[in-house]
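Peer 1: What follows is the file my_file08.pdb, containing PDB, C-alpha atoms and all ligand atoms:
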ATOM      1  CA  MET K   1       5.018   0.570 -21.475  1.00  0.00           C
ATOM      2  CA  THR K   2       5.989  -3.007 -22.245  1.00  0.00           C
ATOM      3  CA  LEU K   3       3.096  -5.276 -21.494  1.00  0.00           C
ATOM      4  CA  PRO K   4       2.458  -8.831 -22.602  1.00  0.00           C
ATOM      5  CA  THR K   5       0.542  -9.376 -25.816  1.00  0.00           C
ATOM      6  CA  ASN K   6      -0.981 -12.619 -24.553  1.00  0.00           C
ATOM      7  CA  LYS K   7      -3.851 -12.730 -22.117  1.00  0.00           C
ATOM      8  CA  ILE K   8      -3.029 -13.283 -18.454  1.00  0.00           C
ATOM      9  CA  ASN K   9      -4.766 -16.091 -16.560  1.00  0.00           C
ATOM     10  CA  GLY K  10      -6.853 -13.956 -14.217  1.00  0.00           C
ATOM     11  CA  ASN K  11      -8.688 -16.752 -12.419  1.00  0.00           C
ATOM     12  CA  ASN K  12      -6.899 -16.162  -9.130  1.00  0.00           C
ATOM     13  CA  ILE K  13      -6.114 -12.466  -9.458  1.00  0.00           C
ATOM     14  CA  PHE K  14      -8.486  -9.996  -7.804  1.00  0.00           C
ATOM     15  CA  TRP K  15      -8.343  -6.270  -8.507  1.00  0.00           C
ATOM     16  CA  ASP K  16      -9.421  -3.422  -6.294  1.00  0.00           C
ATOM     17  CA  LEU K  17     -11.140  -0.612  -8.197  1.00  0.00           C
ATOM     18  CA  ASP K  18     -10.572   2.817  -6.633  1.00  0.00           C
ATOM     19  CA  GLY K  19      -6.962   3.923  -6.475  1.00  0.00           C
ATOM     20  CA  VAL K  20      -5.897   1.004  -8.697  1.00  0.00           C
ATOM     21  CA  LEU K  21      -8.099   1.114 -11.800  1.00  0.00           C
ATOM     22  CA  ARG K  22     -10.198   4.266 -11.259  1.00  0.00           C
ATOM     23  CA  ASP K  23      -8.920   7.672 -10.106  1.00  0.00           C
ATOM     24  CA  LEU K  24     -11.601   9.238  -7.908  1.00  0.00           C
ATOM     25  CA  SER K  25      -9.319  12.082  -6.822  1.00  0.00           C
ATOM     26  CA  PHE K  26      -9.387  13.896 -10.167  1.00  0.00           C
ATOM     27  CA  ARG K  27     -11.704  16.678  -8.912  1.00  0.00           C
ATOM     28  CA  PHE K  28     -11.194  16.232  -5.172  1.00  0.00           C
ATOM     29  CA  THR K  29      -8.124  18.378  -4.646  1.00  0.00           C
ATOM     30  CA  ASN K  30      -5.551  20.136  -6.769  1.00  0.00           C
ATOM     31  CA  GLN K  31      -2.691  18.800  -4.705  1.00  0.00           C
ATOM     32  CA  GLU K  32      -1.421  15.354  -3.916  1.00  0.00           C
ATOM     33  CA  ILE K  33      -3.478  13.362  -1.415  1.00  0.00           C
ATOM     34  CA  ALA K  34      -0.799  12.637   1.137  1.00  0.00           C
ATOM     35  CA  THR K  35      -2.777  10.549   3.624  1.00  0.00           C
ATOM     36  CA  TRP K  36      -5.788   8.214   3.672  1.00  0.00           C
ATOM     37  CA  THR K  37      -7.717  10.715   5.816  1.00  0.00           C
ATOM     38  CA  TYR K  38      -6.841  13.792   3.740  1.00  0.00           C
ATOM     39  CA  VAL K  39      -9.469  16.560   3.929  1.00  0.00           C
ATOM     40  CA  ASN K  40      -9.794  19.147   1.146  1.00  0.00           C
ATOM     41  CA  SER K  41     -10.383  22.893   1.397  1.00  0.00           C
ATOM     42  CA  HIS K  42     -14.146  22.276   1.807  1.00  0.00           C
ATOM     43  CA  GLY K  43     -13.526  20.105   4.857  1.00  0.00           C
ATOM     44  CA  ASP K  44     -14.465  16.944   2.973  1.00  0.00           C
ATOM     45  CA  GLY K  45     -12.655  13.631   2.881  1.00  0.00           C
ATOM     46  CA  ILE K  46     -12.660  11.762  -0.422  1.00  0.00           C
ATOM     47  CA  CYS K  47     -15.811   9.773   0.434  1.00  0.00           C
ATOM     48  CA  GLU K  48     -17.745  12.869   1.528  1.00  0.00           C
ATOM     49  CA  HIS K  49     -16.606  14.619  -1.640  1.00  0.00           C
ATOM     50  CA  ILE K  50     -17.876  11.740  -3.779  1.00  0.00           C
ATOM     51  CA  ASP K  51     -21.164  11.545  -1.834  1.00  0.00           C
ATOM     52  CA  LYS K  52     -21.746  15.184  -2.837  1.00  0.00           C
ATOM     53  CA  ASN K  53     -20.525  14.636  -6.422  1.00  0.00           C
ATOM     54  CA  LEU K  54     -21.816  11.226  -7.413  1.00  0.00           C
ATOM     55  CA  ASN K  55     -21.217  11.911 -11.097  1.00  0.00           C
ATOM     56  CA  ASP K  56     -17.482  11.893 -10.343  1.00  0.00           C
ATOM     57  CA  LEU K  57     -17.849   8.116  -9.981  1.00  0.00           C
ATOM     58  CA  LEU K  58     -18.854   7.980 -13.631  1.00  0.00           C
ATOM     59  CA  LYS K  59     -16.533  10.701 -14.926  1.00  0.00           C
ATOM     60  CA  ALA K  60     -13.390   9.493 -13.132  1.00  0.00           C
ATOM     61  CA  PRO K  61     -10.453   8.690 -15.421  1.00  0.00           C
ATOM     62  CA  PRO K  62      -8.758   5.301 -15.402  1.00  0.00           C
ATOM     63  CA  CYS K  63      -5.503   4.784 -13.521  1.00  0.00           C
ATOM     64  CA  GLU K  64      -2.256   3.686 -15.180  1.00  0.00           C
ATOM     65  CA  TYR K  65      -2.891   0.019 -14.241  1.00  0.00           C
ATOM     66  CA  LEU K  66      -6.094  -0.367 -16.266  1.00  0.00           C
ATOM     67  CA  ASP K  67      -4.398  -1.566 -19.460  1.00  0.00           C
ATOM     68  CA  LEU K  68      -2.649  -4.360 -17.581  1.00  0.00           C
ATOM     69  CA  ALA K  69      -5.857  -5.362 -15.796  1.00  0.00           C
ATOM     70  CA  LEU K  70      -7.593  -5.586 -19.176  1.00  0.00           C
ATOM     71  CA  MET K  71      -5.066  -8.269 -20.174  1.00  0.00           C
ATOM     72  CA  CYS K  72      -6.498 -10.548 -17.474  1.00  0.00           C
ATOM     73  CA  GLU K  73      -9.017 -13.167 -18.479  1.00  0.00           C
ATOM     74  CA  PRO K  74     -11.223 -13.274 -16.572  1.00  0.00           C
ATOM     75  CA  LEU K  75     -10.884  -9.869 -14.940  1.00  0.00           C
ATOM     76  CA  HIS K  76     -12.109 -10.098 -11.347  1.00  0.00           C
ATOM     77  CA  ILE K  77     -12.816  -6.799  -9.604  1.00  0.00           C
ATOM     78  CA  VAL K  78     -13.856  -6.672  -5.967  1.00  0.00           C
ATOM     79  CA  SER K  79     -14.690  -3.274  -4.534  1.00  0.00           C
ATOM     80  CA  ALA K  80     -16.220  -1.777  -1.405  1.00  0.00           C
ATOM     81  CA  GLN K  81     -18.948   0.591  -2.648  1.00  0.00           C
ATOM     82  CA  SER K  82     -21.854   2.107  -0.773  1.00  0.00           C
ATOM     83  CA  ASP K  83     -25.345   1.433  -2.124  1.00  0.00           C
ATOM     84  CA  LEU K  84     -25.447   5.069  -3.220  1.00  0.00           C
ATOM     85  CA  TRP K  85     -22.297   4.661  -5.309  1.00  0.00           C
ATOM     86  CA  ARG K  86     -23.025   1.353  -7.006  1.00  0.00           C
ATOM     87  CA  PRO K  87     -25.202   2.476  -9.957  1.00  0.00           C
ATOM     88  CA  TYR K  88     -22.626   5.128 -10.924  1.00  0.00           C
ATOM     89  CA  THR K  89     -19.746   2.704 -10.494  1.00  0.00           C
ATOM     90  CA  SER K  90     -21.531   0.133 -12.651  1.00  0.00           C
ATOM     91  CA  ALA K  91     -21.896   2.777 -15.353  1.00  0.00           C
ATOM     92  CA  TRP K  92     -18.110   3.360 -15.152  1.00  0.00           C
ATOM     93  CA  THR K  93     -17.250  -0.330 -15.331  1.00  0.00           C
ATOM     94  CA  ASP K  94     -19.650  -0.805 -18.278  1.00  0.00           C
ATOM     95  CA  ILE K  95     -17.555   1.736 -20.187  1.00  0.00           C
ATOM     96  CA  HIS K  96     -14.011   0.946 -19.057  1.00  0.00           C
ATOM     97  CA  VAL K  97     -14.054  -2.749 -18.136  1.00  0.00           C
ATOM     98  CA  PRO K  98     -17.139  -4.154 -19.876  1.00  0.00           C
ATOM     99  CA  GLU K  99     -15.950  -7.771 -19.611  1.00  0.00           C
ATOM    100  CA  ALA K 100     -15.048  -7.626 -15.919  1.00  0.00           C
ATOM    101  CA  ARG K 101     -16.729  -9.704 -13.246  1.00  0.00           C
ATOM    102  CA  VAL K 102     -17.430  -7.080 -10.609  1.00  0.00           C
ATOM    103  CA  LYS K 103     -18.343  -7.942  -7.005  1.00  0.00           C
ATOM    104  CA  TYR K 104     -19.446  -5.250  -4.613  1.00  0.00           C
ATOM    105  CA  ILE K 105     -18.800  -5.641  -0.915  1.00  0.00           C
ATOM    106  CA  ASN K 106     -19.510  -3.458   2.084  1.00  0.00           C
ATOM    107  CA  ASN K 107     -16.157  -3.326   3.846  1.00  0.00           C
ATOM    108  CA  MET K 108     -12.524  -4.350   3.677  1.00  0.00           C
ATOM    109  CA  GLU K 109     -13.040  -7.363   5.946  1.00  0.00           C
ATOM    110  CA  ASP K 110     -15.361  -8.834   3.323  1.00  0.00           C
ATOM    111  CA  LYS K 111     -12.647  -8.322   0.718  1.00  0.00           C
ATOM    112  CA  MET K 112     -10.184 -10.385   2.716  1.00  0.00           C
ATOM    113  CA  LYS K 113     -12.608 -13.312   2.479  1.00  0.00           C
ATOM    114  CA  TYR K 114     -11.794 -13.520  -1.233  1.00  0.00           C
ATOM    115  CA  LEU K 115      -8.265 -14.472  -0.279  1.00  0.00           C
ATOM    116  CA  GLU K 116      -9.286 -17.292   2.045  1.00  0.00           C
ATOM    117  CA  SER K 117     -10.408 -19.789  -0.555  1.00  0.00           C
ATOM    118  CA  GLY K 118      -7.459 -21.216  -2.446  1.00  0.00           C
ATOM    119  CA  ARG K 119      -4.369 -19.593  -3.818  1.00  0.00           C
ATOM    120  CA  ARG K 120      -5.303 -16.058  -4.756  1.00  0.00           C
ATOM    121  CA  ILE K 121      -3.777 -12.619  -4.905  1.00  0.00           C
ATOM    122  CA  LEU K 122      -5.287  -9.167  -4.485  1.00  0.00           C
ATOM    123  CA  VAL K 123      -4.014  -6.011  -6.184  1.00  0.00           C
ATOM    124  CA  ASP K 124      -4.930  -3.120  -3.900  1.00  0.00           C
ATOM    125  CA  ASP K 125      -3.877   0.305  -2.607  1.00  0.00           C
ATOM    126  CA  TYR K 126      -5.611   0.173   0.799  1.00  0.00           C
ATOM    127  CA  PRO K 127      -3.112   0.956   3.590  1.00  0.00           C
ATOM    128  CA  PHE K 128      -4.635  -0.818   6.593  1.00  0.00           C
ATOM    129  CA  TYR K 129      -5.001  -4.533   5.897  1.00  0.00           C
ATOM    130  CA  PRO K 130      -3.743  -6.639   8.805  1.00  0.00           C
ATOM    131  CA  ASP K 131      -1.645  -8.826   6.483  1.00  0.00           C
ATOM    132  CA  TYR K 132      -0.175  -8.278   3.001  1.00  0.00           C
ATOM    133  CA  THR K 133       1.054 -11.818   2.368  1.00  0.00           C
ATOM    134  CA  HIS K 134      -1.471 -12.298  -0.452  1.00  0.00           C
ATOM    135  CA  ILE K 135      -1.663  -8.680  -1.577  1.00  0.00           C
ATOM    136  CA  ILE K 136       0.364  -6.719  -4.123  1.00  0.00           C
ATOM    137  CA  LEU K 137       0.265  -3.139  -2.876  1.00  0.00           C
ATOM    138  CA  ILE K 138      -0.023  -0.415  -5.511  1.00  0.00           C
ATOM    139  CA  ASN K 139       2.265   2.380  -4.387  1.00  0.00           C
ATOM    140  CA  ARG K 140       0.318   5.550  -3.569  1.00  0.00           C
ATOM    141  CA  PRO K 141       1.107   8.533  -1.325  1.00  0.00           C
ATOM    142  CA  TRP K 142      -1.502   7.342   1.208  1.00  0.00           C
ATOM    143  CA  ASN K 143       0.127   3.954   1.774  1.00  0.00           C
ATOM    144  CA  LYS K 144       3.757   5.037   2.156  1.00  0.00           C
ATOM    145  CA  GLU K 145       3.871   3.772   5.757  1.00  0.00           C
ATOM    146  CA  THR K 146       2.376   0.378   4.969  1.00  0.00           C
ATOM    147  CA  VAL K 147       4.750  -2.564   5.233  1.00  0.00           C
ATOM    148  CA  ALA K 148       4.133  -4.949   2.338  1.00  0.00           C
ATOM    149  CA  PRO K 149       6.429  -7.546   0.769  1.00  0.00           C
ATOM    150  CA  ARG K 150       5.242  -6.624  -2.737  1.00  0.00           C
ATOM    151  CA  ARG K 151       4.845  -2.941  -3.659  1.00  0.00           C
ATOM    152  CA  ALA K 152       4.367  -2.035  -7.326  1.00  0.00           C
ATOM    153  CA  ASN K 153       5.477   1.403  -8.520  1.00  0.00           C
ATOM    154  CA  THR K 154       4.594   0.877 -12.180  1.00  0.00           C
ATOM    155  CA  PRO K 155       2.503  -1.480 -14.342  1.00  0.00           C
ATOM    156  CA  GLU K 156       5.777  -3.155 -15.395  1.00  0.00           C
ATOM    157  CA  GLU K 157       6.652  -3.888 -11.770  1.00  0.00           C
ATOM    158  CA  LEU K 158       3.153  -5.198 -11.154  1.00  0.00           C
ATOM    159  CA  MET K 159       3.512  -7.487 -14.177  1.00  0.00           C
ATOM    160  CA  VAL K 160       6.700  -8.956 -12.685  1.00  0.00           C
ATOM    161  CA  TYR K 161       4.846  -9.687  -9.423  1.00  0.00           C
ATOM    162  CA  LEU K 162       1.884 -11.198 -11.277  1.00  0.00           C
ATOM    163  CA  GLU K 163       4.189 -13.408 -13.345  1.00  0.00           C
ATOM    164  CA  GLY K 164       5.883 -14.515 -10.155  1.00  0.00           C
ATOM    165  CA  PHE K 165       2.526 -15.346  -8.625  1.00  0.00           C
ATOM    166  CA  LEU K 166       1.400 -17.270 -11.716  1.00  0.00           C
ATOM    167  CA  ASN K 167       4.694 -19.181 -11.674  1.00  0.00           C
ATOM    168  CA  GLY K 168       4.145 -20.210  -8.081  1.00  0.00           C
ATOM    169  CA  LYS K 169       6.510 -17.783  -6.383  1.00  0.00           C
TER     170      LYS K 169
HETATM  171 MG    MG J   1      -8.576   1.180  -3.399  1.00  0.00          MG
END
Let me see the structure of the file written as structure tokens.
Ligand SMILES: [Mg+2]

Peer 2:
Amino acid sequence: MTLPTNKINGNNIFWDLDGVLRDLSFRFTNQEIATWTYVNSHGDGICEHIDKNLNDLLKAPPCEYLDLALMCEPLHIVSAQSDLWRPYTSAWTDIHVPEARVKYINNMEDKMKYLESGRRILVDDYPFYPDYTHIILINRPWNKETVAPRRANTPEELMVYLEGFLNGK
């Protein structure tokens, strides 16, 4: 992977956590999660699975975009986490992104508010935002149907989009 050696100005870049930087699906199913509402052989969706296995929040491996995110200074992470999840998630971020400025929110509508003030961009995998003008979508099986002007398939592609954003495009 060819990534920049210099730090990236992260002031206006906001990163989602799950599905972008942390892989919560590592013990959820042994097959690809094809849809957002996928249910495993126990009849659980991903959130129900995590509610029953809170340690997975701590044990989850990083995604392939973590190294690029760590180049950002500052590293802003904004993530919808239930109260139950937050202590475990904080333990994960302490290990994997100790310098990050992490904001917890309750729902996706709250996340959109981060895009309202000034020129900002959000890196996210969520498939159901009403508007992707200020979002770089991380390509995942569960957002294949989502129409977005910027869809990153690799960290290198994401870097091109971030450079474009930082250069005013
Ligand atoms: Mg996500």

Peer 1: When distances are computed from only C-alpha atoms and all ligand atoms, which of K:Tyr132, K:Tyr161, K:Trp142, K:Tyr114 shows the smallest separation from ligand MG 1 (chain J)?

Peer 2: K:Trp142

Peer 1: Once the PyMOL selection byres (((chain K and resi 129) around 12) and not hetatm) has been evaluated on this model, what residues remain selected, and can you format them as number ranges by chain?

Peer 2: K: 107-112, 122, 124-128, 130-137, 143, 146-148

Peer 1: Please indicate the distance in Å from CA of Ser90 (chain K) to CA of Ile121 (chain K), rounded to one decimal place.

Peer 2: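 Calculated distance between CA of Ser90 (chain K) and CA of Ile121 (chain K) is 23.2 Å.
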
Peer 1: Could I get the residues of chain K with an atom no further than 10 Å from an atom of ligand MG 1 (chain J), each paired with its nearest atom pair and that distance in Å to one decimal, using all atoms listed in the file, sorted by chain and residue number, as a Markdown table?

Peer 2:
| residue | atom | partner | partner_atom | distance |
| --- | --- | --- | --- | --- |
| K:Trp15 | CA | J:MG1 | MG | 9.0 |
| K:Asp16 | CA | J:MG1 | MG | 5.5 |
| K:Leu17 | CA | J:MG1 | MG | 5.7 |
| K:Asp18 | CA | J:MG1 | MG | 4.1 |
| K:Gly19 | CA | J:MG1 | MG | 4.4 |
| K:Val20 | CA | J:MG1 | MG | 5.9 |
| K:Leu21 | CA | J:MG1 | MG | 8.4 |
| K:Arg22 | CA | J:MG1 | MG | 8.6 |
| K:Asp23 | CA | J:MG1 | MG | 9.3 |
| K:Leu24 | CA | J:MG1 | MG | 9.7 |
| K:Val78 | CA | J:MG1 | MG | 9.8 |
| K:Ser79 | CA | J:MG1 | MG | 7.6 |
| K:Ala80 | CA | J:MG1 | MG | 8.4 |
| K:Met108 | CA | J:MG1 | MG | 9.8 |
| K:Val123 | CA | J:MG1 | MG | 9.0 |
| K:Asp124 | CA | J:MG1 | MG | 5.7 |
| K:Asp125 | CA | J:MG1 | MG | 4.8 |
| K:Tyr126 | CA | J:MG1 | MG | 5.2 |
| K:Pro127 | CA | J:MG1 | MG | 8.9 |
| K:Leu137 | CA | J:MG1 | MG | 9.9 |
| K:Ile138 | CA | J:MG1 | MG | 9.0 |
| K:Arg140 | CA | J:MG1 | MG | 9.9 |

Peer 1: For the selection you just gave me, I'd like the residues written to a file as a short mmCIF file (atom, residue, chain, number, x, y, z; two decimals), in the frame of the given file, keeping C-alpha atoms.

Peer 2:
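Final output, saved to part.cif:
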data_model
loop_
_atom_site.label_atom_id
_atom_site.label_comp_id
_atom_site.auth_asym_id
_atom_site.auth_seq_id
_atom_site.Cartn_x
_atom_site.Cartn_y
_atom_site.Cartn_z
CA TRP K 15 -8.34 -6.27 -8.51
CA ASP K 16 -9.42 -3.42 -6.29
CA LEU K 17 -11.14 -0.61 -8.20
CA ASP K 18 -10.57 2.82 -6.63
CA GLY K 19 -6.96 3.92 -6.48
CA VAL K 20 -5.90 1.00 -8.70
CA LEU K 21 -8.10 1.11 -11.80
CA ARG K 22 -10.20 4.27 -11.26
CA ASP K 23 -8.92 7.67 -10.11
CA LEU K 24 -11.60 9.24 -7.91
CA VAL K 78 -13.86 -6.67 -5.97
CA SER K 79 -14.69 -3.27 -4.53
CA ALA K 80 -16.22 -1.78 -1.40
CA MET K 108 -12.52 -4.35 3.68
CA VAL K 123 -4.01 -6.01 -6.18
CA ASP K 124 -4.93 -3.12 -3.90
CA ASP K 125 -3.88 0.30 -2.61
CA TYR K 126 -5.61 0.17 0.80
CA PRO K 127 -3.11 0.96 3.59
CA LEU K 137 0.26 -3.14 -2.88
CA ILE K 138 -0.02 -0.42 -5.51
CA ARG K 140 0.32 5.55 -3.57
#

Peer 1: Taking the file above as input, evaluate the PyMOL selection byres (((chain K and resi 162) around 10) and not hetatm) and report the hits as a PyMOL selection string.

Peer 2: chain K and resi 8-10+13+121+123+136+156-161+163-169

Peer 1: Applied to the shown file, which residues does the PyMOL selection byres (((chain K and resi 92-95) around 10) and not hetatm) return, written as a list in words?

Peer 2: Leu17, Leu21, Arg22, Asn55, Asp56, Leu57, Leu58, Lys59, Ala60, Pro61, Pro62, Ile77, Arg86, Pro87, Tyr88, Thr89, Ser90, Ala91, His96, Val97, Pro98, Glu99, Ala100, Arg101 and Val102 of chain K

Peer 1: Point out the residue among K:Leu84, K:Leu54, K:Ala69, K:Ile33 with the least atom-to-atom distance to Asn106 (chain K), counting only C-alpha atoms.

Peer 2: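 Once distances to Asn106 (chain K) are computed over only C-alpha atoms, the minimum belongs to K:Leu84.
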
Peer 1: What does the distance from CA of Tyr104 (chain K) to CA of Gly118 (chain K) come to in Å, to one decimal?

Peer 2: 20.1 Å

Peer 1: Quick one: distance from CA of Pro74 (chain K) to CA of Asn11 (chain K) in Å, one decimal?

Peer 2: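 So the answer is 6.0 Å.
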
Peer 1: As a PyMOL selection string, please: the residues near region 40-47 of chain K (cut-off 8 Å, all atoms listed in the file, same-chain neighbours under 6 positions excluded).

Peer 2: chain K and resi 24-25+28-29

Peer 1: Calculated over all atoms listed in the file, which of the candidates K:Lys103, K:Ala152, K:Thr37, K:Thr5 has the smallest distance to Gln81 (chain K)?

Peer 2: K:Lys103
